[in-house]
Amino acid sequence: MDNFNTFIQTHFKISLIFFGIGLIFGLFYSINLLGFSINSQTLLPTNLRALHISLMLYGFVPLMLSYLPFLLIKKEVGSSKKGLHYLNLYTIFWYIFLIFMISSLLFGNTRGLAFYDFPYELNFILAFAGIFYIIALYNFIKMYKVHPMWVKVCLRVVIIAPIALLILMNPIIGQVESTVSGPHGDNTLGMSLALIPLYYLIIKLLNKEEFIARWNLLWIIPTVFYFSSVLYRIFFEPLTYNQEWFLEYLSLLYVPLLYRWYKDSNIEHFAKLSLFISIFAFLFVDIEGNILFIPEIRWIFHRNDLIVAHAHIAMGIAVFFMVLCMFTSYINELKKTAFYYLYLLGLLGIFFSLSFSGFVEAGILNSNIKLLWILRSCFGLITLSSLLFFIQSKYTLSTLQKYNLIGVLSDGLGGIGLILLSSFIYPLLGFTFAGSYEYIVFTFVSMTGIIHFMALKYKEHQIILTNITVIIRVFISSVFFALYISKTLGFIGLIISAFDLTFVLVYLIFFYQKDILCKN
């Protein structure tokens, strides 16, 4: 992992998988709301909603945004091999957090919050990952002879970030569960404020020459007021509606500020296109959101689909395209206009269908709300399809690779399918389902599929990796056969035993001897 470009390209596409999974759960949730549901222990509406939102908030977008300081340092002074090692560890632990989060939410371990719905304890994994992030950043900034101001600020922020995360997310003393009663449910001034330094650093990264920011007073004023409000809430009392309403309106100062920064920038075409889309969407949400803070309007629309549509524009377009513009020089797929059109078509379709359904719910329009929800699901599918541009399918597979591909589909995807649907499928087939140890078995099945995938991807190691899957299948088949014979398991035990043994026989008869002869 000592090549910075390879590192970025690899983890961009790996983390995009989690983004796609989040979209899939969102699509399932939308279909579920239409009345098409199955009696699955894991695919409950509350689980699907929590998975969709949590993966959007904690998956691809924040992980890629966290690379921003390293991209900028790489541009200015170069890359650190040692720092890249720790950045890779940070990324791996973030993936571990996401896997734990998916498992927790999939089995209904939610906190009943609109956001941040996963168990609080998982924040300790993120905080631990943050330690490696700090070490990586420290090694990168050692390459400067004189530290720029933004580097000094960034280092101090990331040092306190793990501790701040554990405090702010704490269900007793934190801010997450104590700021649920303002004009927008929480302090959106703080959320929008967090994006301003990101826009500055991104423009600084992408600009062809040194970028000089102007009109800085327009971000200083909201910043002072925001931190004052946080301290006031912590040490004195919650803000009144009018107090928070005033603070929210300070975010309108970002409209002329970002206009000025964008006009002053000199950026490559595709990066500037992404940046324009991001800023336009952010300012739209800023202006629209402040209109919705008017009490007479807020109480009509705040808890219906109009606000959900508002959130899709904020997260799905503004922040997502903020990330994309950072990586246009690293990811070739980001230079395909068809991807932008397809993704925007999907998100804007979701926005308008949800907005109109919000007006219907409020009694302003008279329309078929179910039709609007069907459209929302269709546009969600279009959004998901835009990710196909990142899938490379130019492969000529050997016979052994086809064998491993079948293993990926049967065990990898099959295991995941059983985790999601087994509580529904088993009773239909007349099998008993305890809903406990079976999930452990299905996880091991999925892991066998992952080994098949590694054998498929790394051709130079495919023989040893395939042999490992064969050994695993032999032992699994023997254990399930023994459990069936002893009547500990029913007919399902015999089916699993026969399934794995079939894979073993196919490999030994058609591939194993040939591999040895070729090796000799």
# chains A, B, ... in the order shown; residues from 1 in each chain; ligands from 1
call {"tool": "residues_around", "arguments": {"residues": "A:His310", "least_positions_apart": "4", "cutoff": "7 Å", "atoms": "only C-alpha atoms", "output": "PDB file with N, CA and C atoms, in the first residue's frame"}}
result
ATOM      1  N   VAL A 285     -30.656  23.689  -0.281  1.00  0.00           N
ATOM      2  CA  VAL A 285     -31.113  23.138   0.997  1.00  0.00           C
ATOM      3  C   VAL A 285     -31.048  24.203   2.087  1.00  0.00           C
ATOM      4  N   LEU A 306     -41.862  15.799   2.781  1.00  0.00           N
ATOM      5  CA  LEU A 306     -41.159  16.960   2.252  1.00  0.00           C
ATOM      6  C   LEU A 306     -39.796  17.109   2.920  1.00  0.00           C
ATOM      7  N   ALA A 314     -29.735  17.220   0.558  1.00  0.00           N
ATOM      8  CA  ALA A 314     -28.608  17.627   1.394  1.00  0.00           C
ATOM      9  C   ALA A 314     -27.501  16.576   1.382  1.00  0.00           C
TER      10      ALA A 314
END
call {"tool": "closest_residue", "arguments": {"among": "A:Leu113, A:Ile196, A:Ile294, A:Val61", "to": "A:Phe18", "atoms": "only C-alpha atoms"}}
result
A:Val61
call {"tool": "residues_around", "arguments": {"residues": "A:Val323", "least_positions_apart": "4", "cutoff": "12 Å", "atoms": "only C-alpha atoms", "output": "JSON, numbers by chain"}}
result
{"A": [12, 16, 60, 61, 62, 63, 64, 65, 66, 67, 68, 71, 195, 198, 199, 201, 202, 203, 271, 274, 275, 277, 278, 279, 315, 316, 317, 318, 319, 327, 328, 331, 334]}
call {"tool": "select_by_dssp", "arguments": {"residues": "stretch 14-52 of chain A", "states": "alpha helix (DSSP H)", "output": "number ranges by chain"}}
result
A: 14-33, 45-52
call {"tool": "residues_around", "arguments": {"residues": "A:Arg156", "least_positions_apart": "5", "cutoff": "10 Å", "atoms": "only C-alpha atoms", "output": "list of chain:residue names"}}
result
A:Ile134, A:Val151, A:Ala161
call {"tool": "residues_around", "arguments": {"residues": "A:Lys457", "least_positions_apart": "3", "cutoff": "12 Å", "atoms": "only C-alpha atoms", "output": "MDAnalysis selection string"}}
result
chainID A and resid 395 397 400:402 404:405 408 450:454 460:463 465:466
call {"tool": "write_last_selection", "arguments": {"atoms": "N, CA and C atoms", "output": "compact mmCIF listing (two decimals), in the first residue's frame"}}
result
# COMPACT_ATOMS: atom_id res chain seq x y z
N TYR A 395 -13.63 -9.35 -18.26
CA TYR A 395 -12.90 -10.53 -17.80
C TYR A 395 -13.09 -11.68 -18.78
N LEU A 397 -12.74 -15.51 -18.25
CA LEU A 397 -12.59 -16.42 -17.12
C LEU A 397 -12.15 -17.80 -17.58
N LEU A 400 -11.42 -22.80 -14.02
CA LEU A 400 -11.31 -22.76 -12.57
C LEU A 400 -11.90 -21.46 -12.01
N GLN A 401 -11.72 -20.36 -12.73
CA GLN A 401 -12.30 -19.10 -12.28
C GLN A 401 -13.83 -19.14 -12.33
N LYS A 402 -14.36 -19.85 -13.32
CA LYS A 402 -15.82 -20.01 -13.39
C LYS A 402 -16.31 -20.83 -12.20
N ASN A 404 -14.91 -20.85 -9.24
CA ASN A 404 -14.89 -19.94 -8.09
C ASN A 404 -16.00 -18.89 -8.17
N LEU A 405 -16.35 -18.47 -9.38
CA LEU A 405 -17.45 -17.53 -9.53
C LEU A 405 -18.76 -18.16 -9.06
N VAL A 408 -18.76 -18.00 -5.40
CA VAL A 408 -19.10 -16.66 -4.91
C VAL A 408 -20.61 -16.47 -4.91
N ILE A 450 -16.40 -15.60 0.26
CA ILE A 450 -15.36 -14.57 0.18
C ILE A 450 -14.03 -15.18 -0.23
N ILE A 451 -13.72 -16.38 0.29
CA ILE A 451 -12.49 -17.05 -0.12
C ILE A 451 -12.54 -17.38 -1.62
N HIS A 452 -13.70 -17.81 -2.09
CA HIS A 452 -13.86 -18.03 -3.54
C HIS A 452 -13.62 -16.73 -4.31
N PHE A 453 -14.11 -15.62 -3.76
CA PHE A 453 -13.91 -14.33 -4.43
C PHE A 453 -12.43 -13.97 -4.49
N MET A 454 -11.70 -14.21 -3.38
CA MET A 454 -10.26 -13.93 -3.37
C MET A 454 -9.54 -14.80 -4.39
N GLU A 460 -2.93 -15.43 -9.21
CA GLU A 460 -1.66 -16.06 -8.83
C GLU A 460 -1.79 -16.92 -7.57
N HIS A 461 -2.86 -16.72 -6.79
CA HIS A 461 -3.07 -17.51 -5.57
C HIS A 461 -4.32 -18.38 -5.65
N GLN A 462 -4.91 -18.52 -6.83
CA GLN A 462 -6.22 -19.15 -6.92
C GLN A 462 -6.19 -20.64 -6.53
N ILE A 463 -5.08 -21.34 -6.78
CA ILE A 463 -5.04 -22.77 -6.48
C ILE A 463 -5.07 -23.00 -4.97
N LEU A 465 -6.03 -20.92 -2.61
CA LEU A 465 -7.28 -20.41 -2.04
C LEU A 465 -8.45 -21.36 -2.33
N THR A 466 -8.47 -21.90 -3.54
CA THR A 466 -9.53 -22.85 -3.88
C THR A 466 -9.40 -24.13 -3.06
call {"tool": "decode", "arguments": {"residues": "stretch 317-361 of chain A", "atoms": "N, CA and C atoms", "output": "PDB file, in the first residue's frame"}}
result
ATOM      1  N   ILE A 317     -26.973  14.635  -2.724  1.00  0.00           N
ATOM      2  CA  ILE A 317     -26.400  15.428  -3.812  1.00  0.00           C
ATOM      3  C   ILE A 317     -25.298  16.346  -3.298  1.00  0.00           C
ATOM      4  N   ALA A 318     -25.611  17.207  -2.319  1.00  0.00           N
ATOM      5  CA  ALA A 318     -24.633  18.200  -1.879  1.00  0.00           C
ATOM      6  C   ALA A 318     -23.354  17.555  -1.362  1.00  0.00           C
ATOM      7  N   VAL A 319     -23.484  16.657  -0.401  1.00  0.00           N
ATOM      8  CA  VAL A 319     -22.289  16.070   0.206  1.00  0.00           C
ATOM      9  C   VAL A 319     -21.676  15.004  -0.690  1.00  0.00           C
ATOM     10  N   PHE A 320     -22.519  14.234  -1.386  1.00  0.00           N
ATOM     11  CA  PHE A 320     -21.993  13.191  -2.267  1.00  0.00           C
ATOM     12  C   PHE A 320     -21.135  13.783  -3.375  1.00  0.00           C
ATOM     13  N   PHE A 321     -21.603  14.860  -4.012  1.00  0.00           N
ATOM     14  CA  PHE A 321     -20.828  15.466  -5.088  1.00  0.00           C
ATOM     15  C   PHE A 321     -19.636  16.246  -4.545  1.00  0.00           C
ATOM     16  N   MET A 322     -19.709  16.671  -3.296  1.00  0.00           N
ATOM     17  CA  MET A 322     -18.532  17.240  -2.654  1.00  0.00           C
ATOM     18  C   MET A 322     -17.396  16.215  -2.630  1.00  0.00           C
ATOM     19  N   VAL A 323     -17.761  14.964  -2.315  1.00  0.00           N
ATOM     20  CA  VAL A 323     -16.767  13.895  -2.302  1.00  0.00           C
ATOM     21  C   VAL A 323     -16.258  13.614  -3.708  1.00  0.00           C
ATOM     22  N   LEU A 324     -17.162  13.543  -4.674  1.00  0.00           N
ATOM     23  CA  LEU A 324     -16.763  13.174  -6.032  1.00  0.00           C
ATOM     24  C   LEU A 324     -15.740  14.147  -6.617  1.00  0.00           C
ATOM     25  N   CYS A 325     -15.929  15.441  -6.364  1.00  0.00           N
ATOM     26  CA  CYS A 325     -15.010  16.408  -6.958  1.00  0.00           C
ATOM     27  C   CYS A 325     -13.590  16.243  -6.417  1.00  0.00           C
ATOM     28  N   MET A 326     -13.444  15.671  -5.227  1.00  0.00           N
ATOM     29  CA  MET A 326     -12.127  15.465  -4.642  1.00  0.00           C
ATOM     30  C   MET A 326     -11.315  14.420  -5.400  1.00  0.00           C
ATOM     31  N   PHE A 327     -12.000  13.475  -6.063  1.00  0.00           N
ATOM     32  CA  PHE A 327     -11.314  12.296  -6.589  1.00  0.00           C
ATOM     33  C   PHE A 327     -11.352  12.202  -8.117  1.00  0.00           C
ATOM     34  N   THR A 328     -11.721  13.261  -8.792  1.00  0.00           N
ATOM     35  CA  THR A 328     -11.832  13.178 -10.256  1.00  0.00           C
ATOM     36  C   THR A 328     -10.491  12.903 -10.930  1.00  0.00           C
ATOM     37  N   SER A 329      -9.389  13.303 -10.309  1.00  0.00           N
ATOM     38  CA  SER A 329      -8.075  13.046 -10.916  1.00  0.00           C
ATOM     39  C   SER A 329      -7.571  11.639 -10.607  1.00  0.00           C
ATOM     40  N   TYR A 330      -8.256  10.918  -9.720  1.00  0.00           N
ATOM     41  CA  TYR A 330      -7.839   9.566  -9.343  1.00  0.00           C
ATOM     42  C   TYR A 330      -8.737   8.479  -9.930  1.00  0.00           C
ATOM     43  N   ILE A 331     -10.025   8.768 -10.112  1.00  0.00           N
ATOM     44  CA  ILE A 331     -11.008   7.762 -10.531  1.00  0.00           C
ATOM     45  C   ILE A 331     -11.517   8.106 -11.926  1.00  0.00           C
ATOM     46  N   ASN A 332     -11.177   7.277 -12.902  1.00  0.00           N
ATOM     47  CA  ASN A 332     -11.540   7.566 -14.295  1.00  0.00           C
ATOM     48  C   ASN A 332     -13.047   7.563 -14.513  1.00  0.00           C
ATOM     49  N   GLU A 333     -13.765   6.731 -13.756  1.00  0.00           N
ATOM     50  CA  GLU A 333     -15.217   6.645 -13.927  1.00  0.00           C
ATOM     51  C   GLU A 333     -15.923   7.958 -13.600  1.00  0.00           C
ATOM     52  N   LEU A 334     -15.253   8.835 -12.844  1.00  0.00           N
ATOM     53  CA  LEU A 334     -15.861  10.122 -12.497  1.00  0.00           C
ATOM     54  C   LEU A 334     -15.767  11.125 -13.637  1.00  0.00           C
ATOM     55  N   LYS A 335     -15.186  10.708 -14.751  1.00  0.00           N
ATOM     56  CA  LYS A 335     -15.111  11.577 -15.920  1.00  0.00           C
ATOM     57  C   LYS A 335     -16.083  11.135 -17.010  1.00  0.00           C
ATOM     58  N   LYS A 336     -17.136  10.427 -16.591  1.00  0.00           N
ATOM     59  CA  LYS A 336     -18.184   9.988 -17.511  1.00  0.00           C
ATOM     60  C   LYS A 336     -19.457  10.760 -17.191  1.00  0.00           C
ATOM     61  N   THR A 337     -19.889  11.613 -18.116  1.00  0.00           N
ATOM     62  CA  THR A 337     -21.057  12.461 -17.858  1.00  0.00           C
ATOM     63  C   THR A 337     -22.327  11.635 -17.666  1.00  0.00           C
ATOM     64  N   ALA A 338     -22.369  10.442 -18.270  1.00  0.00           N
ATOM     65  CA  ALA A 338     -23.564   9.611 -18.135  1.00  0.00           C
ATOM     66  C   ALA A 338     -23.808   9.239 -16.677  1.00  0.00           C
ATOM     67  N   PHE A 339     -22.738   9.027 -15.926  1.00  0.00           N
ATOM     68  CA  PHE A 339     -22.889   8.719 -14.499  1.00  0.00           C
ATOM     69  C   PHE A 339     -23.575   9.868 -13.778  1.00  0.00           C
ATOM     70  N   TYR A 340     -23.149  11.102 -14.035  1.00  0.00           N
ATOM     71  CA  TYR A 340     -23.737  12.270 -13.367  1.00  0.00           C
ATOM     72  C   TYR A 340     -25.216  12.401 -13.712  1.00  0.00           C
ATOM     73  N   TYR A 341     -25.554  12.229 -14.992  1.00  0.00           N
ATOM     74  CA  TYR A 341     -26.950  12.374 -15.425  1.00  0.00           C
ATOM     75  C   TYR A 341     -27.830  11.319 -14.759  1.00  0.00           C
ATOM     76  N   LEU A 342     -27.336  10.078 -14.737  1.00  0.00           N
ATOM     77  CA  LEU A 342     -28.135   8.982 -14.192  1.00  0.00           C
ATOM     78  C   LEU A 342     -28.342   9.146 -12.687  1.00  0.00           C
ATOM     79  N   TYR A 343     -27.271   9.485 -11.979  1.00  0.00           N
ATOM     80  CA  TYR A 343     -27.378   9.653 -10.531  1.00  0.00           C
ATOM     81  C   TYR A 343     -28.283  10.838 -10.187  1.00  0.00           C
ATOM     82  N   LEU A 344     -28.097  11.954 -10.886  1.00  0.00           N
ATOM     83  CA  LEU A 344     -28.927  13.132 -10.617  1.00  0.00           C
ATOM     84  C   LEU A 344     -30.391  12.882 -10.960  1.00  0.00           C
ATOM     85  N   LEU A 345     -30.626  12.146 -12.049  1.00  0.00           N
ATOM     86  CA  LEU A 345     -32.008  11.812 -12.408  1.00  0.00           C
ATOM     87  C   LEU A 345     -32.665  11.042 -11.272  1.00  0.00           C
ATOM     88  N   GLY A 346     -31.956  10.069 -10.714  1.00  0.00           N
ATOM     89  CA  GLY A 346     -32.513   9.285  -9.622  1.00  0.00           C
ATOM     90  C   GLY A 346     -32.777  10.113  -8.380  1.00  0.00           C
ATOM     91  N   LEU A 347     -31.796  10.918  -7.952  1.00  0.00           N
ATOM     92  CA  LEU A 347     -31.960  11.705  -6.725  1.00  0.00           C
ATOM     93  C   LEU A 347     -33.012  12.797  -6.883  1.00  0.00           C
ATOM     94  N   LEU A 348     -33.022  13.468  -8.031  1.00  0.00           N
ATOM     95  CA  LEU A 348     -34.030  14.514  -8.238  1.00  0.00           C
ATOM     96  C   LEU A 348     -35.425  13.907  -8.339  1.00  0.00           C
ATOM     97  N   GLY A 349     -35.514  12.719  -8.941  1.00  0.00           N
ATOM     98  CA  GLY A 349     -36.807  12.030  -8.988  1.00  0.00           C
ATOM     99  C   GLY A 349     -37.312  11.696  -7.598  1.00  0.00           C
ATOM    100  N   ILE A 350     -36.403  11.221  -6.728  1.00  0.00           N
ATOM    101  CA  ILE A 350     -36.773  10.950  -5.336  1.00  0.00           C
ATOM    102  C   ILE A 350     -37.217  12.237  -4.653  1.00  0.00           C
ATOM    103  N   PHE A 351     -36.473  13.312  -4.892  1.00  0.00           N
ATOM    104  CA  PHE A 351     -36.787  14.598  -4.260  1.00  0.00           C
ATOM    105  C   PHE A 351     -38.184  15.077  -4.634  1.00  0.00           C
ATOM    106  N   PHE A 352     -38.494  15.077  -5.929  1.00  0.00           N
ATOM    107  CA  PHE A 352     -39.786  15.611  -6.356  1.00  0.00           C
ATOM    108  C   PHE A 352     -40.946  14.696  -5.946  1.00  0.00           C
ATOM    109  N   SER A 353     -40.742  13.375  -6.038  1.00  0.00           N
ATOM    110  CA  SER A 353     -41.831  12.475  -5.651  1.00  0.00           C
ATOM    111  C   SER A 353     -42.115  12.578  -4.156  1.00  0.00           C
ATOM    112  N   LEU A 354     -41.075  12.700  -3.346  1.00  0.00           N
ATOM    113  CA  LEU A 354     -41.279  12.855  -1.908  1.00  0.00           C
ATOM    114  C   LEU A 354     -41.853  14.224  -1.566  1.00  0.00           C
ATOM    115  N   SER A 355     -41.417  15.253  -2.294  1.00  0.00           N
ATOM    116  CA  SER A 355     -41.938  16.597  -2.033  1.00  0.00           C
ATOM    117  C   SER A 355     -43.433  16.665  -2.319  1.00  0.00           C
ATOM    118  N   PHE A 356     -43.832  16.121  -3.459  1.00  0.00           N
ATOM    119  CA  PHE A 356     -45.260  16.148  -3.800  1.00  0.00           C
ATOM    120  C   PHE A 356     -46.077  15.311  -2.818  1.00  0.00           C
ATOM    121  N   SER A 357     -45.511  14.154  -2.391  1.00  0.00           N
ATOM    122  CA  SER A 357     -46.245  13.360  -1.410  1.00  0.00           C
ATOM    123  C   SER A 357     -46.336  14.100  -0.080  1.00  0.00           C
ATOM    124  N   GLY A 358     -45.318  14.943   0.223  1.00  0.00           N
ATOM    125  CA  GLY A 358     -45.392  15.775   1.418  1.00  0.00           C
ATOM    126  C   GLY A 358     -46.516  16.783   1.340  1.00  0.00           C
ATOM    127  N   PHE A 359     -46.692  17.387   0.172  1.00  0.00           N
ATOM    128  CA  PHE A 359     -47.796  18.333  -0.014  1.00  0.00           C
ATOM    129  C   PHE A 359     -49.152  17.627   0.082  1.00  0.00           C
ATOM    130  N   VAL A 360     -49.201  16.378  -0.432  1.00  0.00           N
ATOM    131  CA  VAL A 360     -50.451  15.615  -0.330  1.00  0.00           C
ATOM    132  C   VAL A 360     -50.761  15.316   1.129  1.00  0.00           C
ATOM    133  N   GLU A 361     -49.755  14.890   1.893  1.00  0.00           N
ATOM    134  CA  GLU A 361     -49.950  14.584   3.302  1.00  0.00           C
ATOM    135  C   GLU A 361     -50.406  15.817   4.087  1.00  0.00           C
TER     136      GLU A 361
END
